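Enquirer: Here you go, data-v3.txt (compact mmCIF, C-alpha atoms):
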```txt
# COMPACT_ATOMS: atom_id res chain seq x y z
CA MET A 28 10.27 -91.31 19.76
CA THR A 29 6.89 -89.89 18.71
CA ILE A 30 5.58 -86.93 20.70
CA LYS A 31 3.36 -87.81 23.70
CA PRO A 32 -0.40 -87.36 23.26
CA HIS A 33 -2.11 -84.46 25.01
CA GLY A 34 -3.12 -85.17 28.61
CA SER A 35 -2.09 -88.83 28.82
CA ASP A 36 0.76 -91.23 28.19
CA LYS A 37 -1.05 -93.05 25.38
CA LEU A 38 -3.93 -92.34 23.04
CA ASN A 39 -7.44 -93.14 24.22
CA PRO A 40 -9.50 -93.44 21.00
CA LEU A 41 -13.18 -93.99 21.77
CA TYR A 42 -13.89 -96.17 18.73
CA VAL A 43 -14.90 -99.69 19.74
CA ALA A 44 -12.30 -101.64 17.75
CA ASP A 45 -13.51 -105.14 18.71
CA LYS A 46 -16.06 -106.30 16.10
CA SER A 47 -18.04 -108.58 18.39
CA GLN A 48 -18.27 -105.86 21.03
CA ARG A 49 -19.51 -103.40 18.38
CA GLU A 50 -22.18 -105.86 17.29
CA GLU A 51 -23.30 -106.37 20.90
CA LEU A 52 -23.53 -102.62 21.43
CA LEU A 53 -25.50 -102.18 18.19
CA ALA A 54 -27.93 -104.88 19.29
CA GLU A 55 -28.27 -103.16 22.67
CA ALA A 56 -28.80 -99.79 20.97
CA SER A 57 -31.98 -101.03 19.26
CA SER A 58 -33.73 -101.13 22.65
CA LEU A 59 -32.36 -97.83 23.95
CA PRO A 60 -33.88 -94.36 23.69
CA SER A 61 -32.17 -92.52 20.83
CA LEU A 62 -31.18 -88.99 19.89
CA LEU A 63 -30.57 -87.65 16.39
CA LEU A 64 -27.38 -85.61 16.70
CA ASN A 65 -26.67 -82.36 14.91
CA SER A 66 -23.67 -82.35 12.56
CA ALA A 67 -21.44 -80.61 15.12
CA ALA A 68 -22.05 -83.27 17.80
CA ALA A 69 -21.61 -86.07 15.23
CA ALA A 70 -18.27 -84.56 14.16
CA ASN A 71 -17.21 -84.41 17.82
CA ALA A 72 -18.03 -88.13 18.10
CA VAL A 73 -15.83 -88.92 15.07
CA MET A 74 -12.93 -86.90 16.52
CA LEU A 75 -13.31 -88.62 19.90
CA ALA A 76 -13.42 -92.00 18.16
CA ALA A 77 -10.28 -91.28 16.17
CA GLY A 78 -8.20 -90.24 19.18
CA TYR A 79 -7.89 -86.63 18.06
CA PHE A 80 -9.64 -85.32 21.19
CA ASN A 81 -7.51 -87.34 23.63
CA PRO A 82 -7.81 -87.57 26.63
CA LEU A 83 -11.54 -86.70 26.67
CA ALA A 84 -13.85 -89.63 27.43
CA GLY A 85 -16.95 -88.06 25.91
CA TYR A 86 -19.04 -84.90 25.76
CA MET A 87 -18.45 -82.14 28.31
CA ASN A 88 -20.97 -81.04 30.91
CA LYS A 89 -22.15 -77.50 31.50
CA ALA A 90 -19.52 -76.63 34.12
CA ASP A 91 -16.66 -77.87 31.92
CA ALA A 92 -18.03 -76.02 28.88
CA LEU A 93 -18.21 -72.73 30.77
CA SER A 94 -14.76 -73.28 32.30
CA VAL A 95 -13.19 -74.08 28.90
CA ALA A 96 -14.85 -71.03 27.34
CA LYS A 97 -13.61 -68.73 30.10
CA ASP A 98 -10.22 -70.18 31.09
CA LEU A 99 -9.24 -72.77 28.42
CA LYS A 100 -9.34 -75.59 30.95
CA THR A 101 -11.87 -78.05 32.32
CA THR A 102 -12.97 -78.01 35.95
CA SER A 103 -10.38 -80.75 36.62
CA GLY A 104 -7.63 -78.51 35.20
CA LEU A 105 -7.10 -80.16 31.78
CA PHE A 106 -5.99 -77.58 29.22
CA TRP A 107 -8.61 -77.47 26.43
CA PRO A 108 -9.48 -74.61 24.05
CA VAL A 109 -13.03 -75.27 22.79
CA PRO A 110 -16.03 -76.98 24.49
CA ILE A 111 -16.77 -80.44 23.05
CA LEU A 112 -20.52 -80.70 23.38
CA ASN A 113 -23.61 -82.69 22.54
CA LEU A 114 -26.14 -79.86 22.32
CA THR A 115 -29.75 -80.50 21.37
CA SER A 116 -33.23 -79.00 21.36
CA GLU A 117 -34.85 -82.38 22.09
CA ALA A 118 -36.83 -82.64 25.32
CA GLY A 119 -37.23 -85.61 27.66
CA ILE A 120 -33.66 -86.95 27.64
CA LYS A 121 -32.78 -88.64 30.92
CA PRO A 122 -29.54 -89.92 32.47
CA GLY A 123 -28.68 -93.48 31.46
CA LYS A 124 -27.74 -95.12 28.17
CA LEU A 125 -28.64 -93.27 24.97
CA ALA A 126 -28.17 -94.34 21.35
CA LEU A 127 -26.82 -91.48 19.23
CA ARG A 128 -27.89 -91.36 15.58
CA ASP A 129 -25.88 -89.86 12.72
CA PRO A 130 -27.53 -86.92 10.91
CA ASN A 131 -25.08 -87.10 8.00
CA VAL A 132 -25.73 -90.66 6.80
CA GLU A 133 -28.91 -91.83 5.10
CA GLY A 134 -31.21 -93.69 7.49
CA HIS A 135 -29.52 -92.07 10.51
CA PRO A 136 -27.71 -95.17 11.77
CA ILE A 137 -26.37 -95.41 15.33
CA ILE A 138 -22.94 -93.77 15.50
CA ALA A 139 -22.34 -94.10 19.26
CA ILE A 140 -23.78 -95.04 22.61
CA GLN A 141 -23.57 -92.44 25.34
CA ASP A 142 -23.68 -93.08 29.08
CA VAL A 143 -25.57 -89.90 29.90
CA GLN A 144 -24.43 -88.60 33.27
CA ALA A 145 -26.21 -85.23 33.21
CA VAL A 146 -28.81 -83.37 31.19
CA GLU A 147 -28.51 -79.63 31.80
CA THR A 148 -29.76 -76.44 30.22
CA PHE A 149 -27.84 -73.35 29.18
CA SER A 150 -29.49 -69.98 29.55
CA ASP A 151 -29.40 -67.66 26.54
CA GLU A 152 -26.82 -65.56 28.40
CA GLU A 153 -24.58 -68.61 29.00
CA LEU A 154 -24.74 -69.69 25.37
CA GLN A 155 -23.90 -66.17 24.23
CA PHE A 156 -21.03 -66.03 26.71
CA ILE A 157 -19.58 -69.25 25.29
CA ALA A 158 -20.05 -68.04 21.70
CA LYS A 159 -18.41 -64.68 22.47
CA GLU A 160 -15.42 -66.39 24.13
CA ILE A 161 -14.93 -69.00 21.40
CA PHE A 162 -15.62 -66.88 18.31
CA GLY A 163 -14.65 -63.48 19.68
CA ASN A 164 -17.96 -61.92 18.63
CA LEU A 165 -21.73 -62.46 18.44
CA ASP A 166 -22.18 -61.23 14.88
CA ALA A 167 -25.02 -63.12 13.18
CA LYS A 168 -23.00 -63.03 9.93
CA HIS A 169 -20.20 -65.11 11.47
CA PRO A 170 -20.80 -68.70 10.24
CA GLY A 171 -19.53 -70.26 13.48
CA VAL A 172 -21.71 -68.07 15.71
CA GLN A 173 -24.67 -68.70 13.41
CA THR A 174 -24.26 -72.48 13.66
CA PHE A 175 -23.47 -72.65 17.38
CA LEU A 176 -26.43 -70.59 18.56
CA LYS A 177 -28.84 -72.84 16.61
CA LEU A 178 -27.66 -76.15 18.10
CA GLY A 179 -29.96 -76.05 21.11
CA LYS A 180 -29.76 -75.21 24.82
CA THR A 181 -29.77 -78.71 26.32
CA VAL A 182 -26.32 -80.14 26.99
CA VAL A 183 -26.16 -83.94 27.20
CA SER A 184 -22.89 -84.97 28.87
CA GLY A 185 -21.08 -88.20 29.60
CA PRO A 186 -18.72 -90.78 28.10
CA ILE A 187 -19.34 -92.36 24.71
CA GLN A 188 -18.45 -95.55 22.83
CA VAL A 189 -18.27 -94.88 19.11
CA LEU A 190 -19.31 -97.57 16.63
CA ASN A 191 -18.28 -96.02 13.29
CA TYR A 192 -16.59 -93.02 11.70
CA SER A 193 -19.71 -91.74 9.91
CA TYR A 194 -19.38 -91.14 6.14
CA PHE A 195 -15.68 -90.31 6.14
CA PRO A 196 -14.06 -93.74 5.46
CA GLU A 197 -16.47 -94.43 2.58
CA GLU A 198 -16.30 -91.00 0.93
CA PHE A 199 -12.57 -90.45 1.52
CA PRO A 200 -11.00 -93.93 1.71
CA ASP A 201 -7.56 -92.72 0.59
CA THR A 202 -7.51 -89.66 2.85
CA PHE A 203 -9.47 -90.08 6.08
CA ARG A 204 -7.15 -91.30 8.82
CA THR A 205 -7.45 -91.54 12.59
CA ALA A 206 -4.84 -90.11 14.95
CA VAL A 207 -3.88 -93.71 15.73
CA GLU A 208 -3.28 -94.52 12.05
CA ILE A 209 -1.24 -91.37 11.44
CA ARG A 210 0.99 -92.10 14.44
CA LYS A 211 1.57 -95.64 13.13
CA GLU A 212 2.42 -94.39 9.66
CA ILE A 213 4.86 -91.80 11.04
CA GLU A 214 6.64 -94.64 12.83
CA THR A 215 6.56 -96.87 9.72
CA ARG A 216 8.09 -94.09 7.63
CA GLY A 217 10.81 -93.60 10.22
CA TRP A 218 10.08 -89.91 10.69
CA LYS A 219 11.50 -88.47 13.92
CA LYS A 220 10.40 -84.85 13.54
CA VAL A 221 7.06 -84.01 11.90
CA VAL A 222 5.44 -80.75 10.85
CA ALA A 223 1.67 -80.54 10.22
CA PHE A 224 -0.13 -78.25 7.80
CA GLN A 225 -3.85 -77.57 8.30
CA THR A 226 -6.00 -76.78 5.28
CA ARG A 227 -9.62 -76.37 4.31
CA ASN A 228 -8.67 -75.00 0.86
CA PRO A 229 -6.72 -76.22 -2.16
CA MET A 230 -3.05 -75.35 -1.70
CA HIS A 231 -1.67 -72.67 -3.98
CA ARG A 232 2.02 -72.07 -4.62
CA ALA A 233 2.58 -70.02 -1.44
CA HIS A 234 1.13 -72.80 0.75
CA GLU A 235 3.35 -75.34 -0.98
CA GLU A 236 6.46 -73.26 -0.37
CA LEU A 237 5.43 -72.56 3.21
CA CYS A 238 5.36 -76.31 3.93
CA ARG A 239 8.76 -76.64 2.29
CA MET A 240 10.20 -73.70 4.27
CA ALA A 241 8.89 -75.05 7.57
CA ALA A 242 10.27 -78.55 6.93
CA GLU A 243 13.68 -77.18 5.93
CA ARG A 244 14.00 -74.69 8.79
CA LEU A 245 12.83 -77.15 11.41
CA GLN A 246 14.86 -79.96 9.83
CA ALA A 247 11.72 -82.10 9.82
CA ASP A 248 11.70 -85.57 8.31
CA GLY A 249 8.19 -85.24 6.97
CA ILE A 250 5.13 -83.06 6.45
CA VAL A 251 1.60 -84.21 7.25
CA ILE A 252 -0.87 -82.26 5.11
CA HIS A 253 -4.02 -82.68 7.17
CA MET A 254 -7.20 -81.50 5.49
CA LEU A 255 -10.63 -80.92 6.96
CA LEU A 256 -13.18 -83.28 5.40
CA GLY A 257 -16.36 -82.20 7.21
CA LYS A 258 -18.96 -79.48 6.74
CA LEU A 259 -17.94 -76.04 5.47
CA LYS A 260 -19.76 -72.82 4.77
CA GLU A 261 -21.44 -72.27 1.42
CA GLY A 262 -18.98 -71.31 -1.31
CA ASP A 263 -15.99 -73.23 0.12
CA ILE A 264 -14.43 -75.79 -2.20
CA PRO A 265 -15.60 -79.36 -1.49
CA ALA A 266 -13.22 -81.85 0.07
CA ASP A 267 -12.93 -84.17 -2.95
CA VAL A 268 -11.74 -81.29 -5.16
CA ARG A 269 -9.26 -80.09 -2.53
CA ASP A 270 -8.01 -83.63 -2.15
CA ALA A 271 -7.39 -83.94 -5.90
CA CYS A 272 -5.56 -80.58 -5.96
CA ILE A 273 -3.29 -81.46 -3.04
CA ARG A 274 -2.45 -84.93 -4.36
CA THR A 275 -1.61 -83.44 -7.77
CA MET A 276 0.69 -80.86 -6.18
CA VAL A 277 2.47 -83.38 -3.95
CA ASP A 278 2.91 -85.93 -6.76
CA HIS A 279 4.55 -83.32 -9.01
CA TYR A 280 6.55 -81.16 -6.62
CA PHE A 281 7.60 -83.03 -3.47
CA PRO A 282 10.15 -85.84 -3.07
CA LYS A 283 8.90 -89.35 -2.28
CA ASN A 284 8.32 -90.08 1.43
CA SER A 285 8.45 -86.40 2.36
CA VAL A 286 4.68 -85.75 2.57
CA MET A 287 1.75 -87.68 4.00
CA ILE A 288 -1.69 -86.60 2.71
CA THR A 289 -4.42 -87.21 5.27
CA GLY A 290 -7.75 -85.83 6.40
CA TYR A 291 -9.91 -85.69 9.51
CA GLY A 292 -13.67 -85.82 10.04
CA PHE A 293 -14.64 -82.53 11.63
CA ASP A 294 -16.85 -79.58 10.74
CA MET A 295 -15.11 -76.22 10.38
CA LEU A 296 -15.76 -73.89 13.33
CA TYR A 297 -14.27 -70.68 11.84
CA ALA A 298 -13.20 -69.83 15.38
CA GLY A 299 -9.85 -68.27 14.44
CA PRO A 300 -7.45 -68.21 17.42
CA ARG A 301 -9.36 -70.72 19.57
CA GLU A 302 -9.62 -73.13 16.66
CA ALA A 303 -5.89 -72.74 15.98
CA VAL A 304 -5.21 -73.97 19.53
CA LEU A 305 -7.65 -76.87 19.03
CA HIS A 306 -5.75 -77.68 15.82
CA ALA A 307 -2.53 -77.80 17.82
CA VAL A 308 -4.06 -80.13 20.43
CA PHE A 309 -5.23 -82.70 17.93
CA ARG A 310 -2.07 -82.44 15.80
CA GLN A 311 -0.09 -83.34 18.91
CA ASN A 312 -2.43 -86.30 19.38
CA MET A 313 -1.76 -87.49 15.82
CA GLY A 314 2.00 -87.30 16.37
CA ALA A 315 3.13 -83.94 14.94
CA ASP A 316 5.90 -81.98 16.67
CA TYR A 317 5.04 -78.68 14.95
CA LEU A 318 1.94 -77.05 13.48
CA ILE A 319 2.27 -74.34 10.85
CA VAL A 320 0.13 -71.38 11.93
CA GLY A 321 -0.12 -68.75 9.25
CA ARG A 322 -2.00 -65.58 8.57
CA ASP A 323 -5.67 -65.67 9.66
CA HIS A 324 -5.46 -69.35 10.56
CA ALA A 325 -9.01 -70.81 10.84
CA GLY A 326 -10.44 -67.33 10.30
CA VAL A 327 -13.27 -66.05 8.18
CA GLY A 328 -13.95 -62.60 6.72
CA ASP A 329 -12.43 -59.80 8.78
CA PHE A 330 -13.43 -61.16 12.19
CA TYR A 331 -9.86 -61.72 13.42
CA GLY A 332 -6.58 -59.89 13.22
CA PRO A 333 -4.10 -61.43 10.74
CA PHE A 334 -1.90 -62.94 13.46
CA ASP A 335 -4.33 -63.41 16.37
CA ALA A 336 -4.05 -67.18 15.85
CA GLN A 337 -0.33 -66.92 16.68
CA THR A 338 -0.47 -64.49 19.61
CA ILE A 339 -3.07 -66.62 21.44
CA PHE A 340 -0.29 -69.18 22.00
CA ASP A 341 1.67 -66.48 23.86
CA GLU A 342 -1.26 -64.98 25.74
CA ARG A 343 -3.60 -67.87 26.60
CA VAL A 344 -1.63 -71.14 26.39
CA PRO A 345 0.27 -71.72 29.67
CA ALA A 346 3.86 -72.92 29.51
CA GLY A 347 3.93 -76.71 29.40
CA ALA A 348 0.22 -77.04 28.50
CA LEU A 349 1.12 -78.46 25.09
CA ASP A 350 4.19 -80.32 23.86
CA ILE A 351 3.60 -79.44 20.21
CA GLN A 352 5.17 -76.17 19.03
CA ILE A 353 3.98 -73.79 16.35
CA PHE A 354 5.85 -72.59 13.29
CA ARG A 355 4.85 -68.95 12.84
CA ALA A 356 4.32 -68.06 9.22
CA ASP A 357 3.88 -64.64 7.68
CA ASN A 358 2.10 -63.78 4.44
CA THR A 359 3.84 -65.65 1.65
CA ALA A 360 3.96 -64.55 -1.98
CA PHE A 361 6.10 -64.87 -5.10
CA SER A 362 8.82 -62.22 -5.26
CA LYS A 363 9.52 -60.89 -8.76
CA LYS A 364 12.85 -59.57 -7.46
CA LEU A 365 14.07 -62.90 -6.08
CA GLY A 366 12.21 -65.27 -8.40
CA ARG A 367 10.82 -67.37 -5.57
CA VAL A 368 8.14 -67.47 -2.86
CA VAL A 369 9.15 -65.62 0.31
CA MET A 370 7.62 -64.62 3.62
CA MET A 371 6.87 -60.93 3.24
CA ARG A 372 8.40 -59.99 6.59
CA GLU A 373 11.69 -61.43 5.31
CA ALA A 374 11.73 -59.13 2.31
CA PRO A 375 11.81 -55.64 3.91
CA ASP A 376 13.22 -54.04 0.75
CA HIS A 377 10.16 -55.07 -1.30
CA THR A 378 7.19 -52.91 -2.24
CA PRO A 379 3.73 -54.40 -2.90
CA GLU A 380 4.49 -54.19 -6.64
CA ASP A 381 7.42 -56.58 -6.16
CA PHE A 382 5.05 -59.44 -5.28
CA ILE A 383 2.62 -61.39 -7.43
CA ALA A 384 -0.60 -61.16 -5.45
CA LEU A 385 -4.11 -62.02 -6.63
CA SER A 386 -7.38 -61.69 -4.74
CA GLY A 387 -9.51 -64.77 -4.21
CA THR A 388 -12.25 -63.15 -6.31
CA LYS A 389 -9.86 -62.54 -9.22
CA VAL A 390 -8.57 -66.13 -9.08
CA ARG A 391 -12.14 -67.46 -9.01
CA GLN A 392 -13.02 -65.39 -12.09
CA MET A 393 -9.96 -66.60 -13.97
CA LEU A 394 -10.58 -70.26 -13.16
CA GLY A 395 -14.26 -69.98 -14.09
CA ALA A 396 -13.21 -68.53 -17.46
CA GLY A 397 -10.81 -71.42 -18.02
CA ILE A 398 -7.74 -69.26 -17.49
CA ALA A 399 -4.96 -70.61 -15.29
CA PRO A 400 -3.50 -68.10 -12.81
CA PRO A 401 0.18 -67.34 -13.33
CA PRO A 402 2.47 -70.31 -12.43
CA GLU A 403 4.04 -68.15 -9.71
CA PHE A 404 0.65 -68.19 -7.97
CA SER A 405 -0.71 -71.65 -8.78
CA ARG A 406 0.86 -74.76 -10.22
CA PRO A 407 -0.60 -75.42 -13.71
CA GLU A 408 -1.51 -79.02 -12.82
CA VAL A 409 -3.49 -77.79 -9.79
CA ALA A 410 -5.12 -74.98 -11.77
CA LYS A 411 -6.36 -77.58 -14.28
CA VAL A 412 -8.24 -79.47 -11.53
CA LEU A 413 -9.82 -76.22 -10.29
CA ILE A 414 -10.74 -75.00 -13.78
CA GLU A 415 -12.67 -78.23 -14.38
CA TYR A 416 -14.47 -77.87 -11.04
CA TYR A 417 -15.48 -74.23 -11.54
CA GLN A 418 -16.57 -74.74 -15.13
CA ILE A 419 -18.84 -77.61 -14.09
CA LEU A 420 -20.13 -75.50 -11.19
CA ASP A 421 -20.85 -72.50 -13.45
CA ALA A 422 -22.53 -74.72 -16.04
CA LYS A 423 -24.92 -76.03 -13.37
CA LYS A 424 -25.81 -72.47 -12.35
CA SER A 425 -26.52 -71.25 -15.87
```
If you convert what's in this file into structure tokens, what do you get?

Expert:
Amino acid sequence: MTIKPHGSDKLNPLYVADKSQREELLAEASSLPSLLLNSAAAANAVMLAAGYFNPLAGYMNKADALSVAKDLKTTSGLFWPVPILNLTSEAGIKPGKLALRDPNVEGHPIIAIQDVQAVETFSDEELQFIAKEIFGNLDAKHPGVQTFLKLGKTVVSGPIQVLNYSYFPEEFPDTFRTAVEIRKEIETRGWKKVVAFQTRNPMHRAHEELCRMAAERLQADGIVIHMLLGKLKEGDIPADVRDACIRTMVDHYFPKNSVMITGYGFDMLYAGPREAVLHAVFRQNMGADYLIVGRDHAGVGDFYGPFDAQTIFDERVPAGALDIQIFRADNTAFSKKLGRVVMMREAPDHTPEDFIALSGTKVRQMLGAGIAPPPEFSRPEVAKVLIEYYQILDAKKS
């Protein structure tokens, strides 16, 4: 039996599945006041629509946001790691029905209708408190802090009915899947125990082996590679290239019916430990029993300790708050001594020279020059996809 969703007995996706009801709501929306969302609020709408943010019924109010930031639970006691907000700088919004427009699609079509229950304002101090709790710092160089503090001070709360999944189904038809669809496919495949792998990057050899290790050690029937398809910081590899890399790797190196390649429509927060817990919540909602949490999961730069995203599950997640469990991964690298990828903590007799390790900068330079990294680091078929991407990118810059 598939794992129970978070906070309820069954999923509560907020997408309006009935076509005639969607058409009625769209017709109604044309006469409603409207609000152009920011990308973060639009991504929240997509995640609510897809069932990933079960059991939430819409955007949080001020009291819930502050409670989640401080205590990882809403005012009603629901365990939740990150505020799910509709923040704006627009003035004049009033309680009642509001048409929400999509900032990420040309023409800004209606993405959802919100039943606005409250329109409240955060003080600068409250916004900074939330940012400090979620991101662990207020450094202007942190991409998550930078984005969050520019979203606006007005919080528009209340339930929503979502009318589409933004640009994700069109741009990623083979990859974008809702939590509902993933649960159904897990059942169709007959998988009883499922491990999820989160990625916003192409998967190199160590990631591949980590998925394999987790599946073998947990005796899982299948792996769901679940990639972020939304907005990233400048310099990150775009989703279509990552998708091609991951599909190439799986096609060449995993048995049939052992891996499901999927993606979700959310913008990266770079919130490290808090985002790791959010990842666990919505992986439970999509039907995974385990989430692989590795070194610096959802981190950026040097803002978090290498294993903070694991220890938060011990320190801040109460017993019984989540049904999903985490698989704790260490640094993984190819061992010259053993001729295979290992977790470094499991090779205490090794010195740094016994591993093949390359910096991200070095790999980028090699790929840009058309040189494939060693096969112990990156599969040649995957390196080929990345070489083509970087050479096109460099040609555009020159």

Enquirer: I'd like the neighbourhood of Ile137 in chain A as an NGL selection string, where a residue qualifies if any of its atoms comes within 10 Å (using only C-alpha atoms), though same-chain residues fewer than 4 positions away should be ignored.

Expert: :A and (52-53 or 56-57 or 61-64 or 126-130 or 132 or 189-191 or 193)

Enquirer: Got time to write the residues from that selection, C-alpha atoms, as a compact mmCIF listing (two decimals), in the frame of the given file?

Expert:
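Final file, again.txt:
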```
# COMPACT_ATOMS: atom_id res chain seq x y z
CA LEU A 52 -23.53 -102.62 21.43
CA LEU A 53 -25.50 -102.18 18.19
CA ALA A 56 -28.80 -99.79 20.97
CA SER A 57 -31.98 -101.03 19.26
CA SER A 61 -32.17 -92.52 20.83
CA LEU A 62 -31.18 -88.99 19.89
CA LEU A 63 -30.57 -87.65 16.39
CA LEU A 64 -27.38 -85.61 16.70
CA ALA A 126 -28.17 -94.34 21.35
CA LEU A 127 -26.82 -91.48 19.23
CA ARG A 128 -27.89 -91.36 15.58
CA ASP A 129 -25.88 -89.86 12.72
CA PRO A 130 -27.53 -86.92 10.91
CA VAL A 132 -25.73 -90.66 6.80
CA VAL A 189 -18.27 -94.88 19.11
CA LEU A 190 -19.31 -97.57 16.63
CA ASN A 191 -18.28 -96.02 13.29
CA SER A 193 -19.71 -91.74 9.91
```

Enquirer: Separation of CA of Tyr192 in chain A and CA of Ile157 in chain A, in Å?

Expert: 27.5 Å

Enquirer: With only C-alpha atoms as the atoms that count, which of A:Lys389, A:Lys423, A:Lys121, A:Arg216 lies nearest to Lys283 in chain A?

Expert: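 Nearest to Lys283 in chain A: A:Arg216.
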
Enquirer: So, with all atoms listed in the file as the atoms that count, which of A:Ile140, A:Ile213, A:Ala325, A:Ile252 lies closest to Thr289 in chain A?

Expert: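 Among the listed residues, the smallest separation from Thr289 in chain A belongs to A:Ile252.
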
Enquirer: Write out as an MDAnalysis selection string the residues lying within 6 Å of Ala336 in chain A, counting all atoms listed in the file and excluding same-chain residues fewer than 4 positions away.

Expert: chainID A and resid 300 303 324

Enquirer: Which neighbours of Val368 in chain A fall inside 7 Å, counting only C-alpha atoms, when residues of the same chain fewer than 3 positions from it are skipped, and could you give them as a PDB file with C-alpha atoms, in the coordinates of the input?

Expert:
```pdb
ATOM      1  CA  ALA A 233       2.580 -70.020  -1.440  1.00  0.00           C
ATOM      2  CA  GLU A 236       6.460 -73.260  -0.370  1.00  0.00           C
ATOM      3  CA  THR A 359       3.840 -65.650   1.650  1.00  0.00           C
ATOM      4  CA  ALA A 360       3.960 -64.550  -1.980  1.00  0.00           C
ATOM      5  CA  PHE A 361       6.100 -64.870  -5.100  1.00  0.00           C
ATOM      6  CA  SER A 362       8.820 -62.220  -5.260  1.00  0.00           C
TER       7      SER A 362
END
```

Enquirer: Which residue is closest to Ala44 in chain A? Choose from A:Leu237, A:Gln225, A:Leu165, A:Val207 and count only C-alpha atoms.

Expert: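 Of A:Leu237, A:Gln225, A:Leu165, A:Val207, the one nearest Ala44 in chain A is A:Val207, counting only C-alpha atoms.
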
Enquirer: Which residue is closest to Leu318 in chain A? Choose from A:Ile187, A:Ala69, A:Ala346, A:Leu245 and count all atoms listed in the file.

Expert: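 Among the listed residues, A:Leu245 lies closest to Leu318 in chain A.
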
Enquirer: Which residue out of A:Val268, A:Val369, A:Ala145, A:Ile383 has the minimum interatomic distance to Leu413 in chain A when all atoms listed in the file are used?

Expert: A:Val268

Enquirer: Under the rule that all atoms listed in the file are counted, which of A:Ala118, A:Ala384, A:Ala68, A:Ile414 is the nearest residue to Ala396 in chain A?

Expert: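 Closest candidate: A:Ile414.
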
Enquirer: In Å to one decimal, how far is CA of Ala77 in chain A from CA of Leu59 in chain A?

Expert: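 Separating CA of Leu59 in chain A from CA of Ala77 in chain A is a distance of 24.3 Å.
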